[in-house]
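Notes to accompany the following structure.
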Amino acid sequence: MWVDPDEDPRNTAGVSPDGERATLDDYLRDYRLTVLMKCEGLSAEQIARRSVPPSTMSLLGLLRHLAEVERDWRGWILPGEPPPKLYGARDADFDAATADHTVVDAGYADLAREQAATDELLAGYRDLGERVGKDGIAVRELLVHRIEEYARHCGHADLLRECIDGRVGQ
C-alpha cells in the first residue's frame, strides 16, 4: 500500500462533512494531498523525469501546471486582464520542468501560493450559485472544475510515479 490506512491524511474519522461547500472542499483537499503524496521522497531528477517521448509530462510538470491553472481560474473571476503566466506561453509549465533543486522548490512554492490565493478568493463567495467574472461562471462550477482537474491529474501522477519506482496508488 502507498501509505498505512491509519496514517493516510486523506482519511477522516467519522462521517463526511455536512453541506455542499464542505463536501466540495473536502474532495479538493484530498486530491491535492494525493498529488503531493505522489511526489514525496523523490530526487530532483526523479520528479522531473519525463514519461515517454514525445510527452513532456513529469510530476514536476504537473505541479507547475496545477499552479498555472489555479492562477488561470482566478483570472476568470478578477476584474481586468488575467494575471500573467507563471512559466511562459503554451506548455512551458511542462517543458521547463528541469531536474534542478531550485526549479523543484519553486514548483512546490508556486503551487502552494497559487492554491492559497484561489482558495482565499473563492472563500469570499458563500452562495455557490453566484455568477462571477466577466463570463458569469457559477462559483459551484469553479469548485467542481478544480476537483476535476486535480482528479484527472492524480491518475497521471499515479502512472508517472509507477514508472519512476514501481509504487502504485491505493
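Labeling convention for the C-alpha cells: chains A, B, ... as they appear, residues from 1 per chain, ligands from 1 in order of appearance.
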
*Mind checking which residues fall within 12 Å of Thr56 (chain A), counting only C-alpha atoms, ignoring those fewer than 4 positions away in the same chain, and posting them as a ChimeraX atom specification?*
/A:48-52,60-62,65,91-98,160

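Backbone DSSP over chain A gives strand (DSSP E or B) for Arg131, Val132, Ile137 and Ala138 of chain A.
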
Between A:Leu121, A:Ala106, A:Ala157, A:Val139, smallest distance to Leu36 (chain A) by only C-alpha atoms belongs to A:Ala157

Between CA of Glu114 (chain A) and CA of Ala67 (chain A) lies a distance of 5.6 Å

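From CA of Asp4 (chain A) back to CA of Met57 (chain A), the distance works out to 28.2 Å.
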
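Taking only C-alpha atoms into account, Arg64 (chain A) lies nearest to A:Gln115 out of the set A:Thr23, A:Ser43, A:Thr34, A:Gln115.
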
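Taking CA of Ser58 (chain A) as the reference point, CA of Arg146 (chain A) is found at 19.9 Å.
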
Handout entry: alpha helix (DSSP H) residues, from DSSP on the backbone, in chain A, as a ChimeraX atom specification
Key = /A:20-39,44-47,59-77,92-95,101-123,139-165
